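Have a look at the structure below, then the notes.
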Amino acid sequence: MTPQQTLALRLTRNPDHGRAAPCASVNLPLLETQDYARRHAYARANPAPVLVNHLQYYALLDRLVRQAWSGLGERCRLFVQLRLPAMDLALPASLLDARVTVGAGLQREAALRAGLDPAPVAWIAAERVRRDLWDAGDNTLRLAFWNAGQPDPTALLLPALDALAPRFLDLTDGGPAADATR
């Protein structure tokens, strides 16, 4: 089933811009020469900045899920595609709700669900949002909707992203955001 609307956004700003916030990054202990070599082996030459830490990442997903239920209705099924969770943080309660499926490669699953049930379905792919220097992402967030009953369902979720100053991406340009939605 073809989505009603597919959208890719590049996040361009930290959600806490202009405010002092304690550092939430965790560095590997560098005690021996081998530790520096290991760190260098995992370093990535990535021009995309790290905009959110793990806590801000989960807060963003929580806002998106809650905004989807607010705009599309409580029956909305959500498929949230993300990278491995942080070791020391629990997922927000909204991501553990029975109406939410969390995992990897969920766009086809979302489309299948939309074909079986007339309830709104939203797919949120956030695995390319960089949370630390080892992430390979480019701060791209992808959204798709089925059975939304709205002319522009993405507009319902955009308020949850305002603080991150999202920039729309063209899915027809053949970039990484387009590849993953085909």
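Identifiers in the structure tokens: chain A, B, ... in order shown; residue index from 1 per chain; ligand index from 1 in order shown.
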Problem - range 51-179 of chain A: residues DSSP assigns to strand (DSSP E), reported as number ranges by chain - result: A: 77-81, 100-103, 121-128, 140-146, 167-169
Using DSSP secondary structure from the backbone, list all helix (DSSP H, G or I) positions within range 13-97 of chain A, as a PDB file with C-alpha atoms, in the first residue's frame.
ATOM      1  CA  THR A  33      47.662   3.574  24.755  1.00  0.00           C
ATOM      2  CA  GLN A  34      45.368   0.860  23.338  1.00  0.00           C
ATOM      3  CA  ASP A  35      42.326   2.843  24.495  1.00  0.00           C
ATOM      4  CA  TYR A  36      43.300   5.737  22.216  1.00  0.00           C
ATOM      5  CA  ALA A  37      43.818   3.346  19.319  1.00  0.00           C
ATOM      6  CA  ARG A  38      40.365   1.793  19.867  1.00  0.00           C
ATOM      7  CA  ARG A  39      38.722   5.217  20.020  1.00  0.00           C
ATOM      8  CA  HIS A  40      40.470   6.242  16.806  1.00  0.00           C
ATOM      9  CA  ALA A  41      39.321   3.031  15.090  1.00  0.00           C
ATOM     10  CA  TYR A  42      35.663   3.908  15.778  1.00  0.00           C
ATOM     11  CA  HIS A  54      20.310  10.307  24.047  1.00  0.00           C
ATOM     12  CA  LEU A  55      17.912  11.979  26.492  1.00  0.00           C
ATOM     13  CA  GLN A  56      16.903  14.651  23.953  1.00  0.00           C
ATOM     14  CA  TYR A  57      16.497  11.930  21.291  1.00  0.00           C
ATOM     15  CA  TYR A  58      13.985  10.030  23.421  1.00  0.00           C
ATOM     16  CA  ALA A  59      12.201  13.269  24.316  1.00  0.00           C
ATOM     17  CA  LEU A  60      11.887  14.026  20.582  1.00  0.00           C
ATOM     18  CA  LEU A  61      10.418  10.579  19.863  1.00  0.00           C
ATOM     19  CA  ASP A  62       8.041  10.952  22.804  1.00  0.00           C
ATOM     20  CA  ARG A  63       6.828  14.331  21.466  1.00  0.00           C
ATOM     21  CA  LEU A  64       6.323  12.896  17.965  1.00  0.00           C
ATOM     22  CA  VAL A  65       4.334   9.902  19.220  1.00  0.00           C
ATOM     23  CA  ARG A  66       2.136  12.043  21.467  1.00  0.00           C
ATOM     24  CA  GLN A  67       1.613  14.602  18.690  1.00  0.00           C
ATOM     25  CA  ALA A  68       0.570  11.786  16.309  1.00  0.00           C
ATOM     26  CA  TRP A  69      -2.060  10.565  18.759  1.00  0.00           C
ATOM     27  CA  SER A  70      -3.239  14.122  19.348  1.00  0.00           C
ATOM     28  CA  GLY A  71      -3.564  14.919  15.632  1.00  0.00           C
ATOM     29  CA  LEU A  72      -4.503  11.550  14.113  1.00  0.00           C
ATOM     30  CA  ALA A  93       6.323   5.201  28.337  1.00  0.00           C
ATOM     31  CA  SER A  94       4.781   6.349  25.044  1.00  0.00           C
ATOM     32  CA  LEU A  95       7.205   4.134  23.084  1.00  0.00           C
ATOM     33  CA  LEU A  96       6.226   1.134  25.198  1.00  0.00           C
TER      34      LEU A  96
END
Residues of range 4-88 of chain A within 9 Å of range 106-109 of chain A: nearest atom pair and distance (Å, one decimal) for each, counting only C-alpha atoms, sorted by chain and number, as CSV?
residue,atom,partner,partner_atom,distance
A:Phe79,CA,A:Leu106,CA,6.3
A:Val80,CA,A:Leu106,CA,7.4
A:Gln81,CA,A:Leu106,CA,6.2
Could you dump the residues just selected with N, CA, C and O atoms as a PDB file, in the first residue's frame?
ATOM      1  N   PHE A  79       4.768   3.159  14.037  1.00  0.00           N
ATOM      2  CA  PHE A  79       5.925   2.309  13.812  1.00  0.00           C
ATOM      3  C   PHE A  79       7.145   3.219  13.896  1.00  0.00           C
ATOM      4  O   PHE A  79       7.349   4.063  13.020  1.00  0.00           O
ATOM      5  N   VAL A  80       7.897   3.080  14.973  1.00  0.00           N
ATOM      6  CA  VAL A  80       9.031   3.965  15.242  1.00  0.00           C
ATOM      7  C   VAL A  80      10.320   3.195  14.986  1.00  0.00           C
ATOM      8  O   VAL A  80      10.631   2.242  15.695  1.00  0.00           O
ATOM      9  N   GLN A  81      11.029   3.640  13.983  1.00  0.00           N
ATOM     10  CA  GLN A  81      12.269   2.995  13.568  1.00  0.00           C
ATOM     11  C   GLN A  81      13.425   3.776  14.188  1.00  0.00           C
ATOM     12  O   GLN A  81      13.574   4.963  13.944  1.00  0.00           O
TER      13      GLN A  81
END
Exercise for the section: Tell me which protein, DNA and RNA residues are within 9 Å of range 141-149 of chain A, counting only C-alpha atoms, leaving out same-chain ones fewer than 3 positions away, and put them as a ChimeraX atom specification. Expected result: /A:1-11,72,76,107,110-111,114-115,117-129,152-154,166,177,180-181
Would you write out those residues with N, CA, C and O atoms, as a compact mmCIF listing (two decimals), in the first residue's frame?
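Now in out_38.txt:
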# COMPACT_ATOMS: atom_id res chain seq x y z
N MET A 1 0.84 -1.17 0.00
CA MET A 1 0.00 0.00 0.00
C MET A 1 0.89 1.24 0.00
O MET A 1 1.83 1.34 0.79
N THR A 2 0.59 2.18 -0.88
CA THR A 2 1.37 3.42 -0.98
C THR A 2 0.97 4.38 0.13
O THR A 2 -0.22 4.58 0.38
N PRO A 3 1.96 5.00 0.79
CA PRO A 3 1.61 5.95 1.85
C PRO A 3 0.86 7.15 1.31
O PRO A 3 1.05 7.56 0.16
N GLN A 4 0.01 7.71 2.14
CA GLN A 4 -0.71 8.92 1.77
C GLN A 4 0.28 10.06 1.56
O GLN A 4 0.15 10.85 0.66
N GLN A 5 1.30 10.12 2.41
CA GLN A 5 2.32 11.15 2.28
C GLN A 5 3.61 10.65 2.90
O GLN A 5 3.60 9.99 3.94
N THR A 6 4.73 10.95 2.24
CA THR A 6 6.05 10.62 2.75
C THR A 6 6.86 11.90 2.79
O THR A 6 6.78 12.71 1.87
N LEU A 7 7.63 12.07 3.85
CA LEU A 7 8.36 13.32 4.04
C LEU A 7 9.69 13.02 4.69
O LEU A 7 9.79 12.15 5.56
N ALA A 8 10.72 13.73 4.28
CA ALA A 8 12.02 13.65 4.94
C ALA A 8 12.41 15.05 5.39
O ALA A 8 12.23 16.03 4.66
N LEU A 9 12.93 15.12 6.59
CA LEU A 9 13.35 16.40 7.18
C LEU A 9 14.77 16.26 7.71
O LEU A 9 15.12 15.22 8.24
N ARG A 10 15.55 17.31 7.57
CA ARG A 10 16.87 17.32 8.19
C ARG A 10 16.79 18.28 9.37
O ARG A 10 16.42 19.43 9.24
N LEU A 11 17.11 17.76 10.55
CA LEU A 11 17.13 18.58 11.75
C LEU A 11 18.40 19.42 11.73
O LEU A 11 19.48 18.92 11.42
N LEU A 72 -3.91 12.60 14.93
CA LEU A 72 -4.50 11.55 14.11
C LEU A 72 -5.48 10.67 14.88
O LEU A 72 -6.14 9.82 14.29
N CYS A 76 -4.50 5.64 16.28
CA CYS A 76 -3.35 5.66 15.39
C CYS A 76 -2.30 4.65 15.84
O CYS A 76 -1.93 4.59 17.01
N GLN A 107 9.05 0.11 7.69
CA GLN A 107 8.13 0.76 6.75
C GLN A 107 7.20 -0.24 6.07
O GLN A 107 6.00 0.02 5.93
N ALA A 110 4.52 -1.24 8.50
CA ALA A 110 3.52 -0.17 8.63
C ALA A 110 2.54 -0.21 7.46
O ALA A 110 1.32 -0.09 7.66
N ALA A 111 3.05 -0.38 6.26
CA ALA A 111 2.19 -0.45 5.08
C ALA A 111 1.25 -1.66 5.15
O ALA A 111 0.07 -1.56 4.80
N ALA A 114 -1.49 -0.90 7.59
CA ALA A 114 -2.44 0.07 7.02
C ALA A 114 -3.41 -0.61 6.06
O ALA A 114 -4.56 -0.20 5.95
N GLY A 115 -2.95 -1.65 5.37
CA GLY A 115 -3.82 -2.38 4.45
C GLY A 115 -4.81 -3.29 5.14
O GLY A 115 -5.83 -3.65 4.57
N ASP A 117 -6.16 -2.61 8.35
CA ASP A 117 -6.99 -1.90 9.32
C ASP A 117 -7.18 -0.46 8.83
O ASP A 117 -6.20 0.18 8.43
N PRO A 118 -8.39 0.08 8.86
CA PRO A 118 -8.60 1.45 8.39
C PRO A 118 -8.10 2.53 9.35
O PRO A 118 -8.14 3.71 9.03
N ALA A 119 -7.60 2.14 10.53
CA ALA A 119 -7.09 3.13 11.49
C ALA A 119 -5.85 3.82 10.91
O ALA A 119 -5.11 3.24 10.13
N PRO A 120 -5.61 5.08 11.31
CA PRO A 120 -4.41 5.78 10.83
C PRO A 120 -3.14 5.05 11.26
O PRO A 120 -3.07 4.46 12.33
N VAL A 121 -2.14 5.10 10.38
CA VAL A 121 -0.84 4.50 10.64
C VAL A 121 0.23 5.53 10.33
O VAL A 121 0.17 6.20 9.29
N ALA A 122 1.20 5.67 11.22
CA ALA A 122 2.32 6.58 11.01
C ALA A 122 3.62 5.81 11.18
O ALA A 122 3.74 4.97 12.06
N TRP A 123 4.58 6.11 10.30
CA TRP A 123 5.92 5.52 10.36
C TRP A 123 6.89 6.66 10.62
O TRP A 123 6.88 7.66 9.90
N ILE A 124 7.66 6.53 11.67
CA ILE A 124 8.65 7.54 12.05
C ILE A 124 10.02 6.86 12.03
O ILE A 124 10.26 5.95 12.83
N ALA A 125 10.88 7.28 11.13
CA ALA A 125 12.23 6.70 11.04
C ALA A 125 13.23 7.71 11.58
O ALA A 125 13.48 8.74 10.95
N ALA A 126 13.78 7.41 12.73
CA ALA A 126 14.70 8.34 13.41
C ALA A 126 16.08 7.74 13.60
O ALA A 126 16.86 8.25 14.40
N GLU A 127 16.41 6.69 12.87
CA GLU A 127 17.68 6.02 13.08
C GLU A 127 18.86 6.81 12.53
O GLU A 127 20.00 6.53 12.85
N ARG A 128 18.61 7.83 11.71
CA ARG A 128 19.70 8.64 11.15
C ARG A 128 19.97 9.91 11.94
O ARG A 128 20.77 10.75 11.52
N VAL A 129 19.31 10.07 13.09
CA VAL A 129 19.57 11.23 13.95
C VAL A 129 20.80 10.92 14.80
O VAL A 129 20.81 9.95 15.55
N ASP A 152 -2.94 16.88 4.86
CA ASP A 152 -1.51 17.02 5.13
C ASP A 152 -1.19 16.53 6.54
O ASP A 152 -1.04 17.32 7.47
N PRO A 153 -1.11 15.21 6.74
CA PRO A 153 -0.88 14.70 8.09
C PRO A 153 0.48 15.08 8.67
O PRO A 153 0.62 15.17 9.89
N THR A 154 1.47 15.36 7.82
CA THR A 154 2.78 15.74 8.36
C THR A 154 2.71 17.06 9.11
O THR A 154 3.45 17.27 10.06
N PRO A 166 13.56 22.04 11.51
CA PRO A 166 13.67 21.06 10.42
C PRO A 166 13.66 21.73 9.05
O PRO A 166 13.00 22.73 8.84
N ALA A 177 18.04 9.63 2.18
CA ALA A 177 16.67 9.68 2.69
C ALA A 177 15.71 9.05 1.70
O ALA A 177 14.75 8.40 2.06
N ALA A 180 15.94 4.94 1.46
CA ALA A 180 15.31 4.15 2.52
C ALA A 180 13.79 4.18 2.44
O ALA A 180 13.12 3.40 3.12
N THR A 181 13.21 5.07 1.64
CA THR A 181 11.75 5.13 1.56
C THR A 181 11.22 4.41 0.34
O THR A 181 10.02 4.34 0.15
Handout entry: Gap from CA of Asn139 in chain A to CA of Ala163 in chain A - Å, one decimal
Key =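 Between CA of Asn139 in chain A and CA of Ala163 in chain A the gap works out to 13.9 Å.
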Practice task
Quick one: pull the distance between CA of Ala20 in chain A and CA of Asp132 in chain A, Å, one decimal.
Solution key: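 Atom-to-atom, CA of Ala20 in chain A to CA of Asp132 in chain A, that is 18.7 Å.
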